[in-house]
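Everything on this sheet refers to the single structure shown next.
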Amino acid sequence: MLETQRLVLRGFQEKDWKDLYEYLSLESVVRYEPYNPFTEEEAKRETSRRVRDESFWAVCLKDSGKLIGNLYFRQVEPEEFMEWELGFVFNPAYHGKGYATESCKKIIEYGLGDLGVRRVVSMCNPENLSSWRLLERLGMRREGHFLKNIYFKRDRDGSPIWQDTYQYALLNPIK
Ligand SMILES: CC(C)(COP(=O)(O)OP(=O)(O)OC[C@H]1O[C@@H](n2cnc3c(N)ncnc32)[C@H](O)[C@@H]1OP(=O)(O)O)[C@@H](O)C(=O)NCCC(=O)NCCS
């Protein structure tokens with residue numbers, strides 16, 4: 001468990017499914033994610049999966065305990081490169097308050113310090129302005145712009161919707 005001034009970062013618990021459903025059921029939230037809006041059943045299954053997956057961190061308000069978003073922080077192979085990927089999805093009711101910045105800063109600090117991470121990397125769609133603005137607030141550097149390198153969704157005719165990717169990264173200054 002990690003703590004900041006306003007937030008607690010912890011592993012997922014089964015009871016979190018309702019809070020997770022509250023934002024993963026929204027089209028606006030999953031627009032740039034590799035999945036579609038969740039049903040209640042899918043949110044329950046996804047919560048159970050996350051309970052067993054240490055890469056997912058629930059971000060909760062310290063005062064009320066409400067889960068307002070989640071981080072993803074996972075080591076990328078090969079292991080000896082000591083590189084971790086960072087991801088984030090927050091409930092829009094809690095956007096614009098600095099919660100994503102506050103929690104990401106903490107997990108990066110934990111990674112660089114406690115875990116000995118050498119490089120943190122994060123990917124986003126260039127159209128996802130709030131995402132790459134967050135990455136820049138975190139002091140990450142845009143290291144790549146890949147053109148139509150990936151697709152998560154298909155159009156009505158079943159053709160892939162190719163999209164660009166920005167890659168951001170940050171190096172541990174003492175590694
Ligand atoms: C990406 C995402 C997490 C960014 O959320 P966010 O609310 O913009 O980010 P923060 O919580 O750090 O808030 C920053 C904003 O709060 C403001 N703010 C208010 N109080 C603040 C504080 N104490 N500290 C920092 N910023 C603060 C900042 O000025 C900034 O406002 P601005 O966007 O008008 O410049 C959010 O848009 C999201 O969940 N999107 C959907 C999922 C998604 O696309 N994920 C990324 C896939 S790659």
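Ligands are numbered from 1 in the order shown, residues from 1 within each chain, and chains are lettered A, B, ... in the order they appear in the structure tokens.
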Find the residues near ligand 1. Use a cut-off of 6 Å, count only C-alpha atoms and all ligand atoms, and write them as a list in words.
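These are the residues that qualify: Val29, Tyr32, Phe88, Val89, Phe90, His95, Gly96, Lys97, Gly98, Tyr99, Ala100, Thr101, Met123, Cys124, Ser130, Ser131 and Leu134 of chain A.
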Using only C-alpha atoms, determine which residues lie at most 12 Å from Arg154 in chain A, disregarding the query and same-chain residues fewer than 4 positions distant; provide the list as a compact mmCIF listing (two decimals) with N, CA, C and O atoms, in the first residue's frame.
# COMPACT_ATOMS: atom_id res chain seq x y z
N PRO A 34 -7.93 -0.70 -25.00
CA PRO A 34 -8.12 -1.86 -25.88
C PRO A 34 -9.36 -2.69 -25.51
O PRO A 34 -9.34 -3.90 -25.63
N TYR A 35 -10.40 -2.06 -25.02
CA TYR A 35 -11.64 -2.77 -24.69
C TYR A 35 -12.83 -1.83 -24.83
O TYR A 35 -12.67 -0.62 -24.99
N ASN A 36 -14.03 -2.41 -24.78
CA ASN A 36 -15.27 -1.64 -24.93
C ASN A 36 -15.85 -1.37 -23.54
O ASN A 36 -15.39 -1.96 -22.56
N ILE A 150 -0.85 0.46 -34.50
CA ILE A 150 -1.63 -0.42 -33.64
C ILE A 150 -3.13 -0.19 -33.86
O ILE A 150 -3.53 0.90 -34.30
N GLY A 158 -15.69 -4.05 -40.13
CA GLY A 158 -14.74 -5.04 -39.60
C GLY A 158 -13.30 -4.70 -39.91
O GLY A 158 -12.39 -5.49 -39.62
N SER A 159 -13.05 -3.52 -40.48
CA SER A 159 -11.66 -3.14 -40.79
C SER A 159 -11.01 -2.54 -39.55
O SER A 159 -11.66 -1.79 -38.81
N PRO A 160 -9.71 -2.84 -39.33
CA PRO A 160 -9.02 -2.28 -38.17
C PRO A 160 -8.98 -0.75 -38.22
O PRO A 160 -8.80 -0.17 -39.29
N ILE A 161 -9.17 -0.11 -37.07
CA ILE A 161 -9.02 1.35 -36.98
C ILE A 161 -7.59 1.60 -36.49
O ILE A 161 -7.31 1.57 -35.29
N TRP A 162 -6.68 1.79 -37.45
CA TRP A 162 -5.27 1.99 -37.10
C TRP A 162 -5.09 3.33 -36.41
O TRP A 162 -5.70 4.32 -36.79
N GLN A 163 -4.24 3.35 -35.41
CA GLN A 163 -3.99 4.60 -34.70
C GLN A 163 -2.51 4.79 -34.41
O GLN A 163 -1.74 3.82 -34.33
When distances are computed from only C-alpha atoms, which of A:Lys106, A:Arg74, A:Leu138, A:Asn125 shows the smallest separation from Glu33 in chain A?
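Of A:Lys106, A:Arg74, A:Leu138, A:Asn125, the one nearest Glu33 in chain A is A:Asn125, counting only C-alpha atoms.
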Would you please extract all helix (DSSP H, G or I) residues from chain A, as assigned by DSSP on the backbone, and give them as a PDB file with N, CA and C atoms, in the first residue's frame?
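Output (states05.pdb):
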ATOM      1  N   GLU A  14     -12.410  -7.502  -4.061  1.00  0.00           N
ATOM      2  CA  GLU A  14     -13.643  -7.894  -4.767  1.00  0.00           C
ATOM      3  C   GLU A  14     -14.723  -6.820  -4.687  1.00  0.00           C
ATOM      4  N   LYS A  15     -14.799  -6.141  -3.537  1.00  0.00           N
ATOM      5  CA  LYS A  15     -15.844  -5.138  -3.358  1.00  0.00           C
ATOM      6  C   LYS A  15     -15.680  -3.898  -4.268  1.00  0.00           C
ATOM      7  N   ASP A  16     -14.568  -3.814  -4.956  1.00  0.00           N
ATOM      8  CA  ASP A  16     -14.292  -2.637  -5.790  1.00  0.00           C
ATOM      9  C   ASP A  16     -15.069  -2.617  -7.099  1.00  0.00           C
ATOM     10  N   TRP A  17     -15.787  -3.726  -7.413  1.00  0.00           N
ATOM     11  CA  TRP A  17     -16.350  -3.817  -8.763  1.00  0.00           C
ATOM     12  C   TRP A  17     -17.305  -2.674  -9.084  1.00  0.00           C
ATOM     13  N   LYS A  18     -18.050  -2.202  -8.089  1.00  0.00           N
ATOM     14  CA  LYS A  18     -19.050  -1.147  -8.361  1.00  0.00           C
ATOM     15  C   LYS A  18     -18.366   0.152  -8.758  1.00  0.00           C
ATOM     16  N   ASP A  19     -17.320   0.511  -8.025  1.00  0.00           N
ATOM     17  CA  ASP A  19     -16.582   1.735  -8.354  1.00  0.00           C
ATOM     18  C   ASP A  19     -15.886   1.604  -9.705  1.00  0.00           C
ATOM     19  N   LEU A  20     -15.396   0.393 -10.000  1.00  0.00           N
ATOM     20  CA  LEU A  20     -14.734   0.164 -11.290  1.00  0.00           C
ATOM     21  C   LEU A  20     -15.758   0.284 -12.420  1.00  0.00           C
ATOM     22  N   TYR A  21     -16.919  -0.315 -12.192  1.00  0.00           N
ATOM     23  CA  TYR A  21     -17.998  -0.271 -13.190  1.00  0.00           C
ATOM     24  C   TYR A  21     -18.421   1.173 -13.475  1.00  0.00           C
ATOM     25  N   GLU A  22     -18.418   1.993 -12.428  1.00  0.00           N
ATOM     26  CA  GLU A  22     -18.864   3.387 -12.564  1.00  0.00           C
ATOM     27  C   GLU A  22     -18.108   4.116 -13.686  1.00  0.00           C
ATOM     28  N   TYR A  23     -16.813   3.789 -13.867  1.00  0.00           N
ATOM     29  CA  TYR A  23     -16.109   4.490 -14.954  1.00  0.00           C
ATOM     30  C   TYR A  23     -15.794   3.611 -16.164  1.00  0.00           C
ATOM     31  N   LEU A  24     -15.593   2.308 -15.961  1.00  0.00           N
ATOM     32  CA  LEU A  24     -15.284   1.478 -17.138  1.00  0.00           C
ATOM     33  C   LEU A  24     -16.521   1.207 -17.995  1.00  0.00           C
ATOM     34  N   GLU A  27     -18.300   5.089 -22.351  1.00  0.00           N
ATOM     35  CA  GLU A  27     -17.632   5.126 -23.664  1.00  0.00           C
ATOM     36  C   GLU A  27     -16.477   6.137 -23.667  1.00  0.00           C
ATOM     37  N   SER A  28     -16.703   7.302 -23.040  1.00  0.00           N
ATOM     38  CA  SER A  28     -15.678   8.350 -23.058  1.00  0.00           C
ATOM     39  C   SER A  28     -14.394   7.906 -22.352  1.00  0.00           C
ATOM     40  N   VAL A  29     -14.528   7.010 -21.397  1.00  0.00           N
ATOM     41  CA  VAL A  29     -13.357   6.560 -20.630  1.00  0.00           C
ATOM     42  C   VAL A  29     -12.562   5.495 -21.391  1.00  0.00           C
ATOM     43  N   VAL A  30     -13.266   4.613 -22.106  1.00  0.00           N
ATOM     44  CA  VAL A  30     -12.567   3.487 -22.757  1.00  0.00           C
ATOM     45  C   VAL A  30     -12.205   3.788 -24.216  1.00  0.00           C
ATOM     46  N   GLU A  40     -21.953  -4.795 -16.010  1.00  0.00           N
ATOM     47  CA  GLU A  40     -21.731  -5.092 -14.580  1.00  0.00           C
ATOM     48  C   GLU A  40     -21.002  -6.429 -14.416  1.00  0.00           C
ATOM     49  N   GLU A  41     -21.440  -7.437 -15.196  1.00  0.00           N
ATOM     50  CA  GLU A  41     -20.816  -8.767 -15.104  1.00  0.00           C
ATOM     51  C   GLU A  41     -19.335  -8.695 -15.450  1.00  0.00           C
ATOM     52  N   GLU A  42     -19.024  -7.956 -16.519  1.00  0.00           N
ATOM     53  CA  GLU A  42     -17.617  -7.817 -16.938  1.00  0.00           C
ATOM     54  C   GLU A  42     -16.808  -7.079 -15.877  1.00  0.00           C
ATOM     55  N   ALA A  43     -17.419  -6.088 -15.239  1.00  0.00           N
ATOM     56  CA  ALA A  43     -16.709  -5.344 -14.198  1.00  0.00           C
ATOM     57  C   ALA A  43     -16.398  -6.264 -13.011  1.00  0.00           C
ATOM     58  N   LYS A  44     -17.324  -7.155 -12.695  1.00  0.00           N
ATOM     59  CA  LYS A  44     -17.075  -8.104 -11.585  1.00  0.00           C
ATOM     60  C   LYS A  44     -15.934  -9.047 -11.944  1.00  0.00           C
ATOM     61  N   ARG A  45     -15.973  -9.576 -13.188  1.00  0.00           N
ATOM     62  CA  ARG A  45     -14.915 -10.497 -13.622  1.00  0.00           C
ATOM     63  C   ARG A  45     -13.565  -9.795 -13.656  1.00  0.00           C
ATOM     64  N   GLU A  46     -13.561  -8.558 -14.180  1.00  0.00           N
ATOM     65  CA  GLU A  46     -12.313  -7.794 -14.284  1.00  0.00           C
ATOM     66  C   GLU A  46     -11.751  -7.485 -12.897  1.00  0.00           C
ATOM     67  N   THR A  47     -12.646  -7.180 -11.945  1.00  0.00           N
ATOM     68  CA  THR A  47     -12.191  -6.909 -10.577  1.00  0.00           C
ATOM     69  C   THR A  47     -11.515  -8.158 -10.010  1.00  0.00           C
ATOM     70  N   SER A  48     -12.142  -9.319 -10.186  1.00  0.00           N
ATOM     71  CA  SER A  48     -11.561 -10.569  -9.675  1.00  0.00           C
ATOM     72  C   SER A  48     -10.192 -10.819 -10.299  1.00  0.00           C
ATOM     73  N   ARG A  49     -10.079 -10.526 -11.595  1.00  0.00           N
ATOM     74  CA  ARG A  49      -8.794 -10.715 -12.275  1.00  0.00           C
ATOM     75  C   ARG A  49      -7.736  -9.782 -11.670  1.00  0.00           C
ATOM     76  N   ARG A  50      -8.164  -8.544 -11.392  1.00  0.00           N
ATOM     77  CA  ARG A  50      -7.215  -7.558 -10.851  1.00  0.00           C
ATOM     78  C   ARG A  50      -6.807  -7.872  -9.411  1.00  0.00           C
ATOM     79  N   VAL A  51      -7.722  -8.526  -8.669  1.00  0.00           N
ATOM     80  CA  VAL A  51      -7.394  -8.918  -7.289  1.00  0.00           C
ATOM     81  C   VAL A  51      -6.153  -9.825  -7.303  1.00  0.00           C
ATOM     82  N   GLU A  79      13.543  -9.047 -18.337  1.00  0.00           N
ATOM     83  CA  GLU A  79      13.601  -8.630 -16.934  1.00  0.00           C
ATOM     84  C   GLU A  79      14.829  -7.780 -16.595  1.00  0.00           C
ATOM     85  N   GLU A  80      15.970  -8.183 -17.198  1.00  0.00           N
ATOM     86  CA  GLU A  80      17.220  -7.500 -16.812  1.00  0.00           C
ATOM     87  C   GLU A  80      17.279  -6.040 -17.286  1.00  0.00           C
ATOM     88  N   PHE A  81      16.333  -5.619 -18.135  1.00  0.00           N
ATOM     89  CA  PHE A  81      16.302  -4.220 -18.572  1.00  0.00           C
ATOM     90  C   PHE A  81      15.710  -3.310 -17.493  1.00  0.00           C
ATOM     91  N   PRO A  92     -14.237   9.990 -14.608  1.00  0.00           N
ATOM     92  CA  PRO A  92     -14.322  11.403 -15.028  1.00  0.00           C
ATOM     93  C   PRO A  92     -14.872  12.333 -13.957  1.00  0.00           C
ATOM     94  N   ALA A  93     -15.620  11.797 -13.002  1.00  0.00           N
ATOM     95  CA  ALA A  93     -16.138  12.646 -11.917  1.00  0.00           C
ATOM     96  C   ALA A  93     -14.985  13.198 -11.072  1.00  0.00           C
ATOM     97  N   TYR A  94     -13.799  12.595 -11.238  1.00  0.00           N
ATOM     98  CA  TYR A  94     -12.640  13.017 -10.433  1.00  0.00           C
ATOM     99  C   TYR A  94     -11.483  13.491 -11.310  1.00  0.00           C
ATOM    100  N   TYR A  99      -5.540  14.242  -9.201  1.00  0.00           N
ATOM    101  CA  TYR A  99      -5.414  12.919  -8.567  1.00  0.00           C
ATOM    102  C   TYR A  99      -4.539  11.967  -9.388  1.00  0.00           C
ATOM    103  N   ALA A 100      -4.676  12.041 -10.707  1.00  0.00           N
ATOM    104  CA  ALA A 100      -3.861  11.148 -11.545  1.00  0.00           C
ATOM    105  C   ALA A 100      -2.380  11.517 -11.385  1.00  0.00           C
ATOM    106  N   THR A 101      -2.097  12.818 -11.420  1.00  0.00           N
ATOM    107  CA  THR A 101      -0.706  13.262 -11.250  1.00  0.00           C
ATOM    108  C   THR A 101      -0.161  12.801  -9.896  1.00  0.00           C
ATOM    109  N   GLU A 102      -0.943  13.029  -8.859  1.00  0.00           N
ATOM    110  CA  GLU A 102      -0.492  12.706  -7.491  1.00  0.00           C
ATOM    111  C   GLU A 102      -0.188  11.207  -7.344  1.00  0.00           C
ATOM    112  N   SER A 103      -1.069  10.364  -7.882  1.00  0.00           N
ATOM    113  CA  SER A 103      -0.873   8.918  -7.724  1.00  0.00           C
ATOM    114  C   SER A 103       0.256   8.400  -8.613  1.00  0.00           C
ATOM    115  N   CYS A 104       0.339   8.938  -9.839  1.00  0.00           N
ATOM    116  CA  CYS A 104       1.414   8.477 -10.737  1.00  0.00           C
ATOM    117  C   CYS A 104       2.784   8.871 -10.185  1.00  0.00           C
ATOM    118  N   LYS A 105       2.876  10.099  -9.651  1.00  0.00           N
ATOM    119  CA  LYS A 105       4.151  10.543  -9.065  1.00  0.00           C
ATOM    120  C   LYS A 105       4.592   9.560  -7.992  1.00  0.00           C
ATOM    121  N   LYS A 106       3.626   9.147  -7.174  1.00  0.00           N
ATOM    122  CA  LYS A 106       3.944   8.260  -6.055  1.00  0.00           C
ATOM    123  C   LYS A 106       4.429   6.895  -6.548  1.00  0.00           C
ATOM    124  N   ILE A 107       3.738   6.362  -7.554  1.00  0.00           N
ATOM    125  CA  ILE A 107       4.105   5.014  -8.005  1.00  0.00           C
ATOM    126  C   ILE A 107       5.457   5.052  -8.739  1.00  0.00           C
ATOM    127  N   ILE A 108       5.725   6.162  -9.412  1.00  0.00           N
ATOM    128  CA  ILE A 108       7.035   6.288 -10.079  1.00  0.00           C
ATOM    129  C   ILE A 108       8.143   6.369  -9.024  1.00  0.00           C
ATOM    130  N   GLU A 109       7.879   7.166  -7.990  1.00  0.00           N
ATOM    131  CA  GLU A 109       8.846   7.321  -6.889  1.00  0.00           C
ATOM    132  C   GLU A 109       9.120   5.950  -6.241  1.00  0.00           C
ATOM    133  N   TYR A 110       8.034   5.183  -6.034  1.00  0.00           N
ATOM    134  CA  TYR A 110       8.154   3.838  -5.457  1.00  0.00           C
ATOM    135  C   TYR A 110       8.959   2.929  -6.404  1.00  0.00           C
ATOM    136  N   GLY A 111       8.673   3.034  -7.695  1.00  0.00           N
ATOM    137  CA  GLY A 111       9.374   2.208  -8.685  1.00  0.00           C
ATOM    138  C   GLY A 111      10.859   2.531  -8.714  1.00  0.00           C
ATOM    139  N   LEU A 112      11.180   3.811  -8.861  1.00  0.00           N
ATOM    140  CA  LEU A 112      12.593   4.206  -8.984  1.00  0.00           C
ATOM    141  C   LEU A 112      13.349   3.930  -7.687  1.00  0.00           C
ATOM    142  N   GLY A 113      12.678   4.120  -6.560  1.00  0.00           N
ATOM    143  CA  GLY A 113      13.334   3.920  -5.262  1.00  0.00           C
ATOM    144  C   GLY A 113      13.312   2.457  -4.842  1.00  0.00           C
ATOM    145  N   ASP A 114      12.147   1.993  -4.407  1.00  0.00           N
ATOM    146  CA  ASP A 114      12.046   0.655  -3.805  1.00  0.00           C
ATOM    147  C   ASP A 114      12.305  -0.492  -4.785  1.00  0.00           C
ATOM    148  N   LEU A 115      11.794  -0.373  -6.015  1.00  0.00           N
ATOM    149  CA  LEU A 115      11.910  -1.497  -6.954  1.00  0.00           C
ATOM    150  C   LEU A 115      13.190  -1.453  -7.785  1.00  0.00           C
ATOM    151  N   LEU A 129      -5.218  13.907 -25.485  1.00  0.00           N
ATOM    152  CA  LEU A 129      -4.486  15.060 -24.949  1.00  0.00           C
ATOM    153  C   LEU A 129      -4.281  14.997 -23.435  1.00  0.00           C
ATOM    154  N   SER A 130      -5.347  14.647 -22.703  1.00  0.00           N
ATOM    155  CA  SER A 130      -5.229  14.659 -21.238  1.00  0.00           C
ATOM    156  C   SER A 130      -4.225  13.609 -20.772  1.00  0.00           C
ATOM    157  N   SER A 131      -4.068  12.551 -21.579  1.00  0.00           N
ATOM    158  CA  SER A 131      -3.125  11.504 -21.205  1.00  0.00           C
ATOM    159  C   SER A 131      -1.680  11.975 -21.382  1.00  0.00           C
ATOM    160  N   TRP A 132      -1.354  12.536 -22.555  1.00  0.00           N
ATOM    161  CA  TRP A 132       0.068  12.912 -22.715  1.00  0.00           C
ATOM    162  C   TRP A 132       0.420  14.195 -21.977  1.00  0.00           C
ATOM    163  N   ARG A 133      -0.618  15.018 -21.688  1.00  0.00           N
ATOM    164  CA  ARG A 133      -0.323  16.181 -20.827  1.00  0.00           C
ATOM    165  C   ARG A 133       0.041  15.721 -19.413  1.00  0.00           C
ATOM    166  N   LEU A 134      -0.647  14.678 -18.960  1.00  0.00           N
ATOM    167  CA  LEU A 134      -0.315  14.087 -17.659  1.00  0.00           C
ATOM    168  C   LEU A 134       1.122  13.548 -17.680  1.00  0.00           C
ATOM    169  N   LEU A 135       1.478  12.846 -18.749  1.00  0.00           N
ATOM    170  CA  LEU A 135       2.830  12.272 -18.834  1.00  0.00           C
ATOM    171  C   LEU A 135       3.891  13.384 -18.802  1.00  0.00           C
ATOM    172  N   GLU A 136       3.574  14.500 -19.433  1.00  0.00           N
ATOM    173  CA  GLU A 136       4.544  15.608 -19.416  1.00  0.00           C
ATOM    174  C   GLU A 136       4.613  16.249 -18.031  1.00  0.00           C
ATOM    175  N   ARG A 137       3.460  16.327 -17.337  1.00  0.00           N
ATOM    176  CA  ARG A 137       3.481  16.844 -15.948  1.00  0.00           C
ATOM    177  C   ARG A 137       4.361  15.964 -15.064  1.00  0.00           C
TER     178      ARG A 137
END
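Between CA of Val121 in chain A and CA of Lys66 in chain A the interatomic distance comes to 27.8 Å.
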If you run DSSP on the backbone here, which positions in range 61-157 of chain A get strand (DSSP E)? Please write them as a PyMOL selection string.
chain A and resi 61+67-76+83-90+119-124+141-150
Would you pick out the contacts of Glu85 in chain A at 7 Å or less, using only C-alpha atoms, so that residues sharing its chain but fewer than 2 positions from it are not included, and give the list as a count of residues only?
9
